[in-house]
$ cat target.cif   # mmCIF, C-alpha atoms and all ligand atoms; chains and numbers go by the auth columns
data_input
loop_
_atom_site.group_PDB
_atom_site.id
_atom_site.type_symbol
_atom_site.label_atom_id
_atom_site.label_comp_id
_atom_site.label_asym_id
_atom_site.label_seq_id
_atom_site.Cartn_x
_atom_site.Cartn_y
_atom_site.Cartn_z
_atom_site.B_iso_or_equiv
_atom_site.auth_seq_id
_atom_site.auth_asym_id
ATOM 1 C CA MET A 1 -102.132 103.337 -243.271 0.00 19 A
ATOM 2 C CA SER A 2 -100.456 101.438 -246.029 0.00 20 A
ATOM 3 C CA LYS A 3 -98.561 98.250 -245.830 0.00 21 A
ATOM 4 C CA ASN A 4 -94.987 98.769 -244.862 0.00 22 A
ATOM 5 C CA HIS A 5 -93.281 96.648 -247.428 0.00 23 A
ATOM 6 C CA ARG A 6 -95.410 96.820 -250.527 0.00 24 A
ATOM 7 C CA GLY A 7 -97.716 98.918 -252.555 0.00 25 A
ATOM 8 C CA ALA A 8 -98.212 102.624 -252.129 0.00 26 A
ATOM 9 C CA GLY A 9 -96.153 102.694 -248.985 0.00 27 A
ATOM 10 C CA ILE A 10 -92.899 102.030 -250.792 0.00 28 A
ATOM 11 C CA ARG A 11 -93.570 104.114 -253.845 0.00 29 A
ATOM 12 C CA THR A 12 -92.508 107.188 -251.965 0.00 30 A
ATOM 13 C CA LEU A 13 -89.136 105.712 -251.175 0.00 31 A
ATOM 14 C CA PRO A 14 -86.127 106.512 -253.339 0.00 32 A
ATOM 15 C CA ALA A 15 -86.253 104.233 -256.390 0.00 33 A
ATOM 16 C CA LYS A 16 -89.484 102.885 -254.943 0.00 34 A
ATOM 17 C CA GLY A 17 -87.623 100.966 -252.335 0.00 35 A
ATOM 18 C CA ARG A 18 -85.415 99.223 -254.817 0.00 36 A
ATOM 19 C CA GLY A 19 -81.691 98.901 -254.565 0.00 37 A
ATOM 20 C CA THR A 20 -78.934 96.417 -254.019 0.00 38 A
ATOM 21 C CA CYS A 21 -79.270 93.913 -251.240 0.00 39 A
ATOM 22 C CA ALA A 22 -76.358 94.072 -248.851 0.00 40 A
ATOM 23 C CA ILE A 23 -76.293 90.345 -248.344 0.00 41 A
ATOM 24 C CA CYS A 24 -77.116 88.534 -251.544 0.00 42 A
ATOM 25 C CA GLY A 25 -76.003 91.406 -253.752 0.00 43 A
ATOM 26 C CA LYS A 26 -78.986 91.285 -256.026 0.00 44 A
ATOM 27 C CA THR A 27 -79.506 94.517 -257.843 0.00 45 A
ATOM 28 C CA ASP A 28 -82.761 96.259 -258.470 0.00 46 A
ATOM 29 C CA ILE A 29 -84.462 94.260 -255.822 0.00 47 A
ATOM 30 C CA LYS A 30 -86.695 95.706 -253.189 0.00 48 A
ATOM 31 C CA VAL A 31 -84.615 96.302 -250.090 0.00 49 A
ATOM 32 C CA LEU A 32 -87.200 97.005 -247.494 0.00 50 A
ATOM 33 C CA TYR A 33 -85.628 95.596 -244.402 0.00 51 A
ATOM 34 C CA GLU A 34 -82.885 97.088 -242.319 0.00 52 A
ATOM 35 C CA LYS A 35 -80.519 94.965 -240.405 0.00 53 A
ATOM 36 C CA ASP A 36 -77.585 95.657 -238.146 0.00 54 A
ATOM 37 C CA ILE A 37 -74.568 93.793 -239.404 0.00 55 A
ATOM 38 C CA ASP A 38 -71.186 94.468 -237.836 0.00 56 A
ATOM 39 C CA GLY A 39 -72.538 97.615 -236.310 0.00 57 A
ATOM 40 C CA LYS A 40 -73.712 98.896 -239.631 0.00 58 A
ATOM 41 C CA THR A 41 -77.279 99.254 -240.678 0.00 59 A
ATOM 42 C CA VAL A 42 -77.710 97.746 -244.088 0.00 60 A
ATOM 43 C CA LYS A 43 -80.696 97.274 -246.281 0.00 61 A
ATOM 44 C CA ILE A 44 -81.580 93.789 -247.313 0.00 62 A
ATOM 45 C CA CYS A 45 -84.199 92.108 -249.411 0.00 63 A
ATOM 46 C CA LYS A 46 -87.031 90.068 -248.043 0.00 64 A
ATOM 47 C CA PHE A 47 -85.343 86.808 -248.890 0.00 65 A
ATOM 48 C CA CYS A 48 -82.313 87.595 -246.813 0.00 66 A
ATOM 49 C CA ASN A 49 -84.523 88.958 -244.108 0.00 67 A
ATOM 50 C CA ALA A 50 -86.444 85.721 -243.972 0.00 68 A
ATOM 51 C CA ASN A 51 -83.203 83.810 -244.074 0.00 69 A
ATOM 52 C CA LEU A 52 -81.830 85.674 -241.099 0.00 70 A
ATOM 53 C CA LYS A 53 -85.086 85.300 -239.291 0.00 71 A
ATOM 54 C CA ASN A 54 -85.108 81.558 -239.808 0.00 72 A
ATOM 55 C CA LYS A 55 -81.534 81.295 -238.650 0.00 73 A
ATOM 56 C CA ALA A 56 -82.346 83.258 -235.532 0.00 74 A
ATOM 57 C CA LYS A 57 -85.276 80.980 -234.893 0.00 75 A
ATOM 58 C CA VAL A 58 -83.171 77.871 -235.240 0.00 76 A
ATOM 59 C CA GLU A 59 -80.535 79.328 -232.970 0.00 77 A
ATOM 60 C CA ALA A 60 -83.138 80.139 -230.392 0.00 78 A
ATOM 61 C CA ARG A 61 -84.562 76.673 -230.572 0.00 79 A
ATOM 62 C CA LYS A 62 -81.274 74.924 -230.049 0.00 80 A
ATOM 63 C CA ALA A 63 -80.262 77.288 -227.315 0.00 81 A
ATOM 64 C CA LYS A 64 -79.005 74.288 -225.462 0.00 82 A
ATOM 65 C CA PRO A 65 -75.387 73.947 -224.440 0.00 83 A
ATOM 66 C CA ALA A 66 -73.643 74.952 -227.622 0.00 84 A
ATOM 67 C CA GLU A 67 -70.830 72.477 -227.394 0.00 85 A
ATOM 68 C CA GLU A 68 -70.398 71.456 -230.953 0.00 86 A
ATOM 69 C CA SER A 69 -71.856 74.391 -232.718 0.00 87 A
ATOM 70 C CA ALA A 70 -70.805 73.061 -236.050 0.00 88 A
ATOM 71 C CA GLU A 71 -72.983 73.744 -239.027 0.00 89 A
ATOM 72 C CA ALA A 72 -73.603 70.173 -240.053 0.00 90 A
ATOM 73 C CA PRO A 73 -76.301 68.475 -238.044 0.00 91 A
ATOM 74 C CA ALA A 74 -74.850 64.969 -237.955 0.00 92 A
ATOM 75 C CA GLU A 75 -77.819 63.207 -236.520 0.00 93 A
ATOM 76 C CA SER A 76 -77.866 60.078 -238.595 0.00 94 A
ATOM 77 C CA ALA A 77 -75.310 58.098 -236.695 0.00 95 A
ATOM 78 C CA GLU A 78 -75.540 54.421 -237.400 0.00 96 A
HETATM 79 ZN ZN ZN B . -80.861 89.690 -250.327 0.00 101 A
#

$ encode --input "target.cif" --output "structure tokens"
Amino acid sequence: MSKNHRGAGIRTLPAKGRGTCAICGKTDIKVLYEKDIDGKTVKICKFCNANLKNKAKVEARKAKPAEESAEAPAESAE
């Protein structure tokens, strides 16, 4: 069995797995990951995939009471 996201395994895909990423909009990039966004399955590149994964991880970690779920982590209060 070949690797899922590189090498011979993706050569059989249309355009060898290349296309336009649905998130960052890069063209001619390998879009090997599928993601459900707004109920739609879109193909994204590995960078966006990793990005989403990291975000999910962070969310999971701070799964505390999400009171101020603002984006800016204002920790350095003097
Ligand atoms: Zn992307």

$ resolve_selection --input "target.cif" --expression "the PyMOL selection byres (((chain A and resi 39) around 9) and not hetatm)" --output "ChimeraX atom specification"
/A:36-38,40-49,60-63,66

$ atom_distance --input "target.cif" --atom1 "CA of Thr59 in chain A" --atom2 "CA of Lys73 in chain A"
18.6 Å

$ closest_residue --input "target.cif" --among "A:Lys64, A:Glu52, A:Lys58, A:Arg79" --to "Arg24 in chain A" --atoms "all atoms listed in the file"
A:Lys64

$ closest_residue --input "target.cif" --among "A:Ile55, A:Leu50, A:Leu31, A:Ala78" --to "ligand ZN 101 (chain A)" --atoms "all atoms listed in the file"
A:Leu50

$ atom_distance --input "target.cif" --atom1 "atom ZN of ligand ZN 101 (chain A)" --atom2 "CA of Lys71 in chain A"
12.6 Å

$ closest_residue --input "target.cif" --among "A:Ala33, A:Ala26, A:Ala68, A:Ala74" --to "ligand ZN 101 (chain A)" --atoms "all atoms listed in the file"
A:Ala68

$ closest_residue --input "target.cif" --among "A:Lys75, A:Lys80, A:Lys53, A:Lys21" --to "ligand ZN 101 (chain A)" --atoms "only C-alpha atoms and all ligand atoms"
A:Lys53

$ atom_distance --input "target.cif" --atom1 "CA of Asn67 in chain A" --atom2 "CA of His23 in chain A"
12.1 Å

$ build_atoms --input "target.cif" --residues "range 29-51 of chain A" --atoms "N, CA and C atoms" --output "PDB file, in the coordinates of the input"
ATOM      1  N   ARG A  29     -93.747 103.323-252.623  1.00  0.00           N
ATOM      2  CA  ARG A  29     -93.570 104.114-253.845  1.00  0.00           C
ATOM      3  C   ARG A  29     -92.944 105.465-253.543  1.00  0.00           C
ATOM      4  N   THR A  30     -93.081 105.889-252.319  1.00  0.00           N
ATOM      5  CA  THR A  30     -92.508 107.188-251.965  1.00  0.00           C
ATOM      6  C   THR A  30     -91.024 107.088-251.669  1.00  0.00           C
ATOM      7  N   LEU A  31     -90.555 105.881-251.464  1.00  0.00           N
ATOM      8  CA  LEU A  31     -89.136 105.712-251.175  1.00  0.00           C
ATOM      9  C   LEU A  31     -88.300 106.007-252.414  1.00  0.00           C
ATOM     10  N   PRO A  32     -87.026 106.335-252.191  1.00  0.00           N
ATOM     11  CA  PRO A  32     -86.127 106.512-253.339  1.00  0.00           C
ATOM     12  C   PRO A  32     -86.094 105.249-254.182  1.00  0.00           C
ATOM     13  N   ALA A  33     -86.251 105.376-255.474  1.00  0.00           N
ATOM     14  CA  ALA A  33     -86.253 104.233-256.390  1.00  0.00           C
ATOM     15  C   ALA A  33     -87.324 103.231-256.005  1.00  0.00           C
ATOM     16  N   LYS A  34     -88.354 103.733-255.357  1.00  0.00           N
ATOM     17  CA  LYS A  34     -89.484 102.885-254.943  1.00  0.00           C
ATOM     18  C   LYS A  34     -89.036 101.720-254.089  1.00  0.00           C
ATOM     19  N   GLY A  35     -88.061 102.000-253.272  1.00  0.00           N
ATOM     20  CA  GLY A  35     -87.623 100.966-252.335  1.00  0.00           C
ATOM     21  C   GLY A  35     -86.677  99.958-252.938  1.00  0.00           C
ATOM     22  N   ARG A  36     -86.310 100.190-254.185  1.00  0.00           N
ATOM     23  CA  ARG A  36     -85.415  99.223-254.817  1.00  0.00           C
ATOM     24  C   ARG A  36     -83.958  99.631-254.664  1.00  0.00           C
ATOM     25  N   GLY A  37     -83.105  98.627-254.687  1.00  0.00           N
ATOM     26  CA  GLY A  37     -81.691  98.901-254.565  1.00  0.00           C
ATOM     27  C   GLY A  37     -80.925  97.605-254.622  1.00  0.00           C
ATOM     28  N   THR A  38     -79.759  97.617-254.039  1.00  0.00           N
ATOM     29  CA  THR A  38     -78.934  96.417-254.019  1.00  0.00           C
ATOM     30  C   THR A  38     -78.942  95.837-252.618  1.00  0.00           C
ATOM     31  N   CYS A  39     -79.250  94.574-252.540  1.00  0.00           N
ATOM     32  CA  CYS A  39     -79.270  93.913-251.240  1.00  0.00           C
ATOM     33  C   CYS A  39     -77.843  93.788-250.714  1.00  0.00           C
ATOM     34  N   ALA A  40     -77.699  94.069-249.432  1.00  0.00           N
ATOM     35  CA  ALA A  40     -76.358  94.072-248.851  1.00  0.00           C
ATOM     36  C   ALA A  40     -75.839  92.663-248.611  1.00  0.00           C
ATOM     37  N   ILE A  41     -76.726  91.704-248.646  1.00  0.00           N
ATOM     38  CA  ILE A  41     -76.293  90.345-248.344  1.00  0.00           C
ATOM     39  C   ILE A  41     -76.143  89.507-249.608  1.00  0.00           C
ATOM     40  N   CYS A  42     -77.202  89.406-250.374  1.00  0.00           N
ATOM     41  CA  CYS A  42     -77.116  88.534-251.544  1.00  0.00           C
ATOM     42  C   CYS A  42     -76.624  89.299-252.770  1.00  0.00           C
ATOM     43  N   GLY A  43     -76.591  90.626-252.684  1.00  0.00           N
ATOM     44  CA  GLY A  43     -76.003  91.406-253.752  1.00  0.00           C
ATOM     45  C   GLY A  43     -76.861  91.525-254.988  1.00  0.00           C
ATOM     46  N   LYS A  44     -78.093  91.119-254.888  1.00  0.00           N
ATOM     47  CA  LYS A  44     -78.986  91.285-256.026  1.00  0.00           C
ATOM     48  C   LYS A  44     -79.213  92.768-256.270  1.00  0.00           C
ATOM     49  N   THR A  45     -79.264  93.116-257.528  1.00  0.00           N
ATOM     50  CA  THR A  45     -79.506  94.517-257.843  1.00  0.00           C
ATOM     51  C   THR A  45     -80.950  94.712-258.264  1.00  0.00           C
ATOM     52  N   ASP A  46     -81.398  95.906-258.077  1.00  0.00           N
ATOM     53  CA  ASP A  46     -82.761  96.259-258.470  1.00  0.00           C
ATOM     54  C   ASP A  46     -83.791  95.365-257.804  1.00  0.00           C
ATOM     55  N   ILE A  47     -83.494  95.026-256.595  1.00  0.00           N
ATOM     56  CA  ILE A  47     -84.462  94.260-255.822  1.00  0.00           C
ATOM     57  C   ILE A  47     -84.971  95.161-254.719  1.00  0.00           C
ATOM     58  N   LYS A  48     -86.149  94.868-254.250  1.00  0.00           N
ATOM     59  CA  LYS A  48     -86.695  95.706-253.189  1.00  0.00           C
ATOM     60  C   LYS A  48     -85.960  95.415-251.882  1.00  0.00           C
ATOM     61  N   VAL A  49     -85.336  96.453-251.356  1.00  0.00           N
ATOM     62  CA  VAL A  49     -84.615  96.302-250.090  1.00  0.00           C
ATOM     63  C   VAL A  49     -85.390  97.068-249.020  1.00  0.00           C
ATOM     64  N   LEU A  50     -86.248  96.349-248.393  1.00  0.00           N
ATOM     65  CA  LEU A  50     -87.200  97.005-247.494  1.00  0.00           C
ATOM     66  C   LEU A  50     -86.925  96.718-246.038  1.00  0.00           C
ATOM     67  N   TYR A  51     -85.895  95.981-245.775  1.00  0.00           N
ATOM     68  CA  TYR A  51     -85.628  95.596-244.402  1.00  0.00           C
ATOM     69  C   TYR A  51     -84.242  96.089-244.004  1.00  0.00           C
TER      70      TYR A  51
END
